[in-house]
Amino acid sequence: MRKFLGLTALAVLTAGVANAQDSGGTPPPPPPPTAATTIAAPEWRTATAENLLVIDTTKGRILVELTPEVAPLHVERIKLLARRGFYDGVPWHRVIDWFMAQTGDPLGNGEGQSPYPDLKAEFTFRREATMPFAAVAEPAGARVGFFHALPVQTQPDSAFALTADGKVHAWGLYCPGVAGMARDEGNDTANSQFFIMRQAYPALDKRYTIWGVTVSGLDVVRSLQVGDGDNGMMTQAQPDRMTRVRVAADIPEAERPSVQVLATDSPRFRALVEETRARRGADFSVCDVTLPVQVVN
């Protein structure tokens, strides 16, 4: 069964629907990170080891913070496959510049998958009032911001009182570094293949399950070998590979990476949002906000 990221007709050659920055050429450098020295210790949030995926590749290390609150079935599958060594040595078989890098196929041709059943889609989730959410914009009838490090759009808090379960509709946004699940044309066909965004691509929102976000290593994702075949597939090009994929909690503590991300309930976060808004002006988007990160090991 062929597992692929769809939207062939909407691929980057028709990038007008994607993002104003998708105009061709070399991607602009990210804004300079906020110096760690300007962030007080209480303003950092430590990512839990159980929800940190460590992807070592031929180009370097990628750290993805998993979001089980957003996609519990997909996070469970990613952890299961990582813990069974399924992803070790698997190539990045489809990479498109200004779009995404896809992997998770043991056959390396887009048609392979794990031996486990396909997953039910988790394109959206129900946000509880207790979930940490930091809004950066509030367009009419919605809120856009962050759940931990993941960019999210959601119904306004006023809707909590109007729903039977006391929760509101929400979904992750396909900003750079966001990790999503590849699938066939059917919604409930994701299995083992996944992709990480190299750039923003909002046409994917609510169409492919988001299960995490890159907190370190976006430069590695953007450095992966680009495919030379149709739709970014590798033909003659030598693909980069995931050499080893682990859940951080399974790595000996002395070797385990520890990741701290700027807390979105901190004064420094609010200042960062306002700095970014001032710099971007009318073009401001949640995808423009780059959360500072500290990594040890």
# chains A, B, ... in the order shown; residues from 1 in each chain; ligands from 1

$ residues_around --residues "Thr243 in chain A" --least-positions-apart "4" --cutoff "9 Å" --atoms "only C-alpha atoms" --output "VMD selection string"
chain A and resid 55 to 58 87 to 91

$ write_last_selection --atoms "N, CA and C atoms" --output "mmCIF file, in the first residue's frame"
data_model
loop_
_atom_site.group_PDB
_atom_site.id
_atom_site.type_symbol
_atom_site.label_atom_id
_atom_site.label_comp_id
_atom_site.auth_asym_id
_atom_site.auth_seq_id
_atom_site.Cartn_x
_atom_site.Cartn_y
_atom_site.Cartn_z
ATOM 1 N N ILE A 55 15.880 12.039 17.160
ATOM 2 C CA ILE A 55 16.101 11.493 15.823
ATOM 3 C C ILE A 55 17.520 11.825 15.398
ATOM 4 N N ASP A 56 18.391 10.845 15.432
ATOM 5 C CA ASP A 56 19.749 11.049 14.929
ATOM 6 C C ASP A 56 19.765 10.705 13.443
ATOM 7 N N THR A 57 20.366 11.581 12.641
ATOM 8 C CA THR A 57 20.394 11.406 11.192
ATOM 9 C C THR A 57 21.818 11.542 10.675
ATOM 10 N N THR A 58 21.978 11.272 9.412
ATOM 11 C CA THR A 58 23.281 11.434 8.774
ATOM 12 C C THR A 58 23.687 12.897 8.663
ATOM 13 N N TYR A 87 12.520 2.596 13.063
ATOM 14 C CA TYR A 87 12.973 3.736 12.266
ATOM 15 C C TYR A 87 14.483 3.773 12.039
ATOM 16 N N ASP A 88 15.228 2.943 12.736
ATOM 17 C CA ASP A 88 16.690 2.994 12.628
ATOM 18 C C ASP A 88 17.143 2.609 11.224
ATOM 19 N N GLY A 89 17.918 3.493 10.588
ATOM 20 C CA GLY A 89 18.441 3.230 9.248
ATOM 21 C C GLY A 89 17.488 3.557 8.116
ATOM 22 N N VAL A 90 16.285 4.040 8.428
ATOM 23 C CA VAL A 90 15.283 4.322 7.391
ATOM 24 C C VAL A 90 15.612 5.647 6.694
ATOM 25 N N PRO A 91 15.500 5.701 5.351
ATOM 26 C CA PRO A 91 15.871 6.918 4.625
ATOM 27 C C PRO A 91 14.797 7.993 4.654
#

$ residues_around --residues "Thr214 in chain A" --least-positions-apart "5" --cutoff "10 Å" --atoms "only C-alpha atoms" --output "mmCIF file with N, CA, C and O atoms, in the first residue's frame"
data_model
loop_
_atom_site.group_PDB
_atom_site.id
_atom_site.type_symbol
_atom_site.label_atom_id
_atom_site.label_comp_id
_atom_site.auth_asym_id
_atom_site.auth_seq_id
_atom_site.Cartn_x
_atom_site.Cartn_y
_atom_site.Cartn_z
ATOM 1 N N LEU A 52 9.780 13.365 24.349
ATOM 2 C CA LEU A 52 10.831 13.953 23.521
ATOM 3 C C LEU A 52 11.394 12.864 22.624
ATOM 4 O O LEU A 52 11.924 11.863 23.106
ATOM 5 N N LEU A 53 11.263 13.044 21.319
ATOM 6 C CA LEU A 53 11.770 12.071 20.352
ATOM 7 C C LEU A 53 13.134 12.536 19.858
ATOM 8 O O LEU A 53 13.287 13.670 19.396
ATOM 9 N N ILE A 62 17.846 15.760 15.407
ATOM 10 C CA ILE A 62 16.570 16.465 15.425
ATOM 11 C C ILE A 62 15.842 16.065 16.709
ATOM 12 O O ILE A 62 15.740 14.878 17.019
ATOM 13 N N LEU A 63 15.352 17.032 17.457
ATOM 14 C CA LEU A 63 14.591 16.770 18.672
ATOM 15 C C LEU A 63 13.161 17.242 18.461
ATOM 16 O O LEU A 63 12.930 18.418 18.154
ATOM 17 N N VAL A 64 12.214 16.327 18.610
ATOM 18 C CA VAL A 64 10.800 16.633 18.406
ATOM 19 C C VAL A 64 10.054 16.455 19.725
ATOM 20 O O VAL A 64 10.116 15.380 20.334
ATOM 21 N N GLU A 65 9.353 17.499 20.152
ATOM 22 C CA GLU A 65 8.508 17.369 21.337
ATOM 23 C C GLU A 65 7.167 16.776 20.912
ATOM 24 O O GLU A 65 6.459 17.339 20.062
ATOM 25 N N LEU A 66 6.818 15.643 21.489
ATOM 26 C CA LEU A 66 5.578 14.955 21.172
ATOM 27 C C LEU A 66 4.401 15.617 21.884
ATOM 28 O O LEU A 66 4.556 16.159 22.977
ATOM 29 N N ALA A 149 5.041 24.111 22.728
ATOM 30 C CA ALA A 149 5.797 24.676 21.608
ATOM 31 C C ALA A 149 5.061 24.558 20.280
ATOM 32 O O ALA A 149 5.573 24.988 19.246
ATOM 33 N N LEU A 150 3.854 23.974 20.297
ATOM 34 C CA LEU A 150 3.126 23.724 19.054
ATOM 35 C C LEU A 150 2.215 24.895 18.704
ATOM 36 O O LEU A 150 1.363 25.286 19.500
ATOM 37 N N PRO A 176 6.966 25.863 10.169
ATOM 38 C CA PRO A 176 8.251 25.163 10.061
ATOM 39 C C PRO A 176 8.550 24.343 11.309
ATOM 40 O O PRO A 176 8.344 24.801 12.432
ATOM 41 N N GLY A 177 9.017 23.109 11.104
ATOM 42 C CA GLY A 177 9.380 22.231 12.210
ATOM 43 C C GLY A 177 8.263 21.350 12.713
ATOM 44 O O GLY A 177 8.517 20.396 13.459
ATOM 45 N N VAL A 178 7.031 21.616 12.324
ATOM 46 C CA VAL A 178 5.897 20.796 12.780
ATOM 47 C C VAL A 178 5.973 19.415 12.121
ATOM 48 O O VAL A 178 6.299 19.282 10.938
ATOM 49 N N ALA A 179 5.682 18.380 12.902
ATOM 50 C CA ALA A 179 5.751 16.991 12.431
ATOM 51 C C ALA A 179 4.341 16.456 12.207
ATOM 52 O O ALA A 179 3.495 16.524 13.105
ATOM 53 N N ILE A 196 8.381 16.198 8.350
ATOM 54 C CA ILE A 196 8.656 17.386 9.148
ATOM 55 C C ILE A 196 8.739 18.566 8.193
ATOM 56 O O ILE A 196 9.419 18.500 7.165
ATOM 57 N N MET A 197 8.064 19.639 8.532
ATOM 58 C CA MET A 197 7.992 20.798 7.656
ATOM 59 C C MET A 197 9.324 21.554 7.600
ATOM 60 O O MET A 197 9.922 21.844 8.627
ATOM 61 N N VAL A 221 16.796 19.464 9.464
ATOM 62 C CA VAL A 221 15.692 19.123 8.559
ATOM 63 C C VAL A 221 15.865 19.833 7.224
ATOM 64 O O VAL A 221 15.672 19.242 6.153
#

$ closest_atom_pairs --of "range 43-124 of chain A" --to "range 260-283 of chain A" --cutoff "10 Å" --atoms "only C-alpha atoms" --output "JSON lines"
{"residue": "A:Glu43", "atom": "CA", "partner": "A:Ala263", "partner_atom": "CA", "distance": 5.4}
{"residue": "A:Trp44", "atom": "CA", "partner": "A:Leu262", "partner_atom": "CA", "distance": 4.7}
{"residue": "A:Arg45", "atom": "CA", "partner": "A:Ala263", "partner_atom": "CA", "distance": 5.0}
{"residue": "A:Thr46", "atom": "CA", "partner": "A:Gln260", "partner_atom": "CA", "distance": 4.3}
{"residue": "A:Ala47", "atom": "CA", "partner": "A:Gln260", "partner_atom": "CA", "distance": 6.1}
{"residue": "A:Thr48", "atom": "CA", "partner": "A:Gln260", "partner_atom": "CA", "distance": 9.4}

$ residues_around --residues "Gln193 in chain A" --least-positions-apart "4" --cutoff "8 Å" --atoms "only C-alpha atoms" --output "list in words"
Lys3, Phe4, Gln102, Thr103, Gly104, Asp105, Gln113, Met181, Ala182 and Arg183 of chain A

$ select_by_dssp --residues "range 149-246 of chain A" --states "strand (DSSP E or B)" --output "PyMOL selection string"
chain A and resi 150-154+168-172+178-181+183+190+194-197+210-216+233+241-246

$ residues_around --residues "Ala137 in chain A" --least-positions-apart "5" --cutoff "12 Å" --atoms "only C-alpha atoms" --output "ChimeraX atom specification"
/A:142-146,151-154,156,270,273-274,277,284-287,289

$ write_last_selection --atoms "N, CA, C and O atoms" --output "PDB file, in the first residue's frame"
ATOM      1  N   ALA A 142     -11.892  33.269  16.877  1.00  0.00           N
ATOM      2  CA  ALA A 142     -10.819  32.282  17.017  1.00  0.00           C
ATOM      3  C   ALA A 142      -9.696  32.835  17.881  1.00  0.00           C
ATOM      4  O   ALA A 142      -9.643  34.038  18.171  1.00  0.00           O
ATOM      5  N   ARG A 143      -8.810  31.919  18.303  1.00  0.00           N
ATOM      6  CA  ARG A 143      -7.578  32.301  18.984  1.00  0.00           C
ATOM      7  C   ARG A 143      -6.444  31.524  18.335  1.00  0.00           C
ATOM      8  O   ARG A 143      -6.583  30.338  18.018  1.00  0.00           O
ATOM      9  N   VAL A 144      -5.315  32.173  18.109  1.00  0.00           N
ATOM     10  CA  VAL A 144      -4.142  31.546  17.513  1.00  0.00           C
ATOM     11  C   VAL A 144      -2.985  31.737  18.484  1.00  0.00           C
ATOM     12  O   VAL A 144      -2.757  32.847  18.986  1.00  0.00           O
ATOM     13  N   GLY A 145      -2.259  30.663  18.766  1.00  0.00           N
ATOM     14  CA  GLY A 145      -1.156  30.776  19.704  1.00  0.00           C
ATOM     15  C   GLY A 145      -0.412  29.474  19.845  1.00  0.00           C
ATOM     16  O   GLY A 145      -0.229  28.747  18.853  1.00  0.00           O
ATOM     17  N   PHE A 146       0.022  29.159  21.072  1.00  0.00           N
ATOM     18  CA  PHE A 146       0.851  27.991  21.314  1.00  0.00           C
ATOM     19  C   PHE A 146       0.268  27.104  22.415  1.00  0.00           C
ATOM     20  O   PHE A 146      -0.166  27.594  23.455  1.00  0.00           O
ATOM     21  N   PRO A 151       2.331  25.439  17.478  1.00  0.00           N
ATOM     22  CA  PRO A 151       1.390  26.475  17.031  1.00  0.00           C
ATOM     23  C   PRO A 151      -0.004  25.868  16.849  1.00  0.00           C
ATOM     24  O   PRO A 151      -0.157  24.802  16.254  1.00  0.00           O
ATOM     25  N   VAL A 152      -1.009  26.566  17.356  1.00  0.00           N
ATOM     26  CA  VAL A 152      -2.370  26.022  17.392  1.00  0.00           C
ATOM     27  C   VAL A 152      -3.374  27.129  17.078  1.00  0.00           C
ATOM     28  O   VAL A 152      -3.164  28.291  17.434  1.00  0.00           O
ATOM     29  N   GLN A 153      -4.463  26.735  16.424  1.00  0.00           N
ATOM     30  CA  GLN A 153      -5.628  27.601  16.299  1.00  0.00           C
ATOM     31  C   GLN A 153      -6.796  26.933  17.009  1.00  0.00           C
ATOM     32  O   GLN A 153      -6.930  25.707  16.974  1.00  0.00           O
ATOM     33  N   THR A 154      -7.638  27.733  17.660  1.00  0.00           N
ATOM     34  CA  THR A 154      -8.708  27.170  18.465  1.00  0.00           C
ATOM     35  C   THR A 154      -9.899  28.116  18.529  1.00  0.00           C
ATOM     36  O   THR A 154      -9.781  29.309  18.202  1.00  0.00           O
ATOM     37  N   PRO A 156     -12.569  30.390  20.583  1.00  0.00           N
ATOM     38  CA  PRO A 156     -12.319  31.267  21.743  1.00  0.00           C
ATOM     39  C   PRO A 156     -12.749  30.623  23.048  1.00  0.00           C
ATOM     40  O   PRO A 156     -13.596  29.715  23.072  1.00  0.00           O
ATOM     41  N   ARG A 270       5.866  37.018  26.085  1.00  0.00           N
ATOM     42  CA  ARG A 270       5.041  38.119  25.611  1.00  0.00           C
ATOM     43  C   ARG A 270       5.884  39.168  24.913  1.00  0.00           C
ATOM     44  O   ARG A 270       5.487  39.727  23.872  1.00  0.00           O
ATOM     45  N   VAL A 273       6.806  37.913  21.427  1.00  0.00           N
ATOM     46  CA  VAL A 273       5.688  38.044  20.483  1.00  0.00           C
ATOM     47  C   VAL A 273       5.576  39.484  19.988  1.00  0.00           C
ATOM     48  O   VAL A 273       5.427  39.729  18.781  1.00  0.00           O
ATOM     49  N   GLU A 274       5.661  40.435  20.903  1.00  0.00           N
ATOM     50  CA  GLU A 274       5.530  41.835  20.504  1.00  0.00           C
ATOM     51  C   GLU A 274       6.697  42.283  19.635  1.00  0.00           C
ATOM     52  O   GLU A 274       6.515  43.049  18.686  1.00  0.00           O
ATOM     53  N   ARG A 277       5.981  40.782  16.241  1.00  0.00           N
ATOM     54  CA  ARG A 277       4.873  41.501  15.599  1.00  0.00           C
ATOM     55  C   ARG A 277       5.348  42.844  15.034  1.00  0.00           C
ATOM     56  O   ARG A 277       4.976  43.237  13.914  1.00  0.00           O
ATOM     57  N   PHE A 284       2.529  39.584  10.089  1.00  0.00           N
ATOM     58  CA  PHE A 284       2.761  38.768  11.281  1.00  0.00           C
ATOM     59  C   PHE A 284       1.927  37.492  11.261  1.00  0.00           C
ATOM     60  O   PHE A 284       0.738  37.503  10.943  1.00  0.00           O
ATOM     61  N   SER A 285       2.575  36.390  11.632  1.00  0.00           N
ATOM     62  CA  SER A 285       1.920  35.088  11.735  1.00  0.00           C
ATOM     63  C   SER A 285       2.498  34.363  12.939  1.00  0.00           C
ATOM     64  O   SER A 285       3.639  34.610  13.344  1.00  0.00           O
ATOM     65  N   VAL A 286       1.716  33.444  13.510  1.00  0.00           N
ATOM     66  CA  VAL A 286       2.230  32.632  14.605  1.00  0.00           C
ATOM     67  C   VAL A 286       3.465  31.858  14.162  1.00  0.00           C
ATOM     68  O   VAL A 286       4.346  31.552  14.974  1.00  0.00           O
ATOM     69  N   CYS A 287       3.562  31.553  12.878  1.00  0.00           N
ATOM     70  CA  CYS A 287       4.724  30.825  12.367  1.00  0.00           C
ATOM     71  C   CYS A 287       6.005  31.649  12.427  1.00  0.00           C
ATOM     72  O   CYS A 287       7.105  31.105  12.284  1.00  0.00           O
ATOM     73  N   VAL A 289       6.985  33.279  15.072  1.00  0.00           N
ATOM     74  CA  VAL A 289       7.487  33.288  16.455  1.00  0.00           C
ATOM     75  C   VAL A 289       8.360  32.059  16.676  1.00  0.00           C
ATOM     76  O   VAL A 289       7.884  30.922  16.622  1.00  0.00           O
TER      77      VAL A 289
END

$ atom_distance --atom1 "CA of Gly232 in chain A" --atom2 "CA of Gly217 in chain A"
21.0 Å

$ residues_around --residues "Arg127 in chain A" --least-positions-apart "5" --cutoff "12 Å" --atoms "only C-alpha atoms" --output "list in words"
Glu69, Val70, Ala71, Pro132, Phe133, Arg143, Phe146, Phe147, Val152, Gln153, Thr154, Gln155, Pro156, Asp157, Ala159, Phe160, Thr163, Asp165, Gly166, Lys167, Val168, His169, Ala170, Trp171 and Gly172 of chain A

$ atom_distance --atom1 "CA of Asn231 in chain A" --atom2 "CA of Trp92 in chain A"
13.4 Å

$ residues_around --residues "Ala248 in chain A" --least-positions-apart "3" --cutoff "9 Å" --atoms "only C-alpha atoms" --output "count of residues only"
13

$ atom_distance --atom1 "CA of Asp250 in chain A" --atom2 "CA of Arg83 in chain A"
8.2 Å

$ residues_around --residues "Phe99 in chain A" --least-positions-apart "3" --cutoff "8 Å" --atoms "only C-alpha atoms" --output "ChimeraX atom specification"
/A:12,95-96,197-201
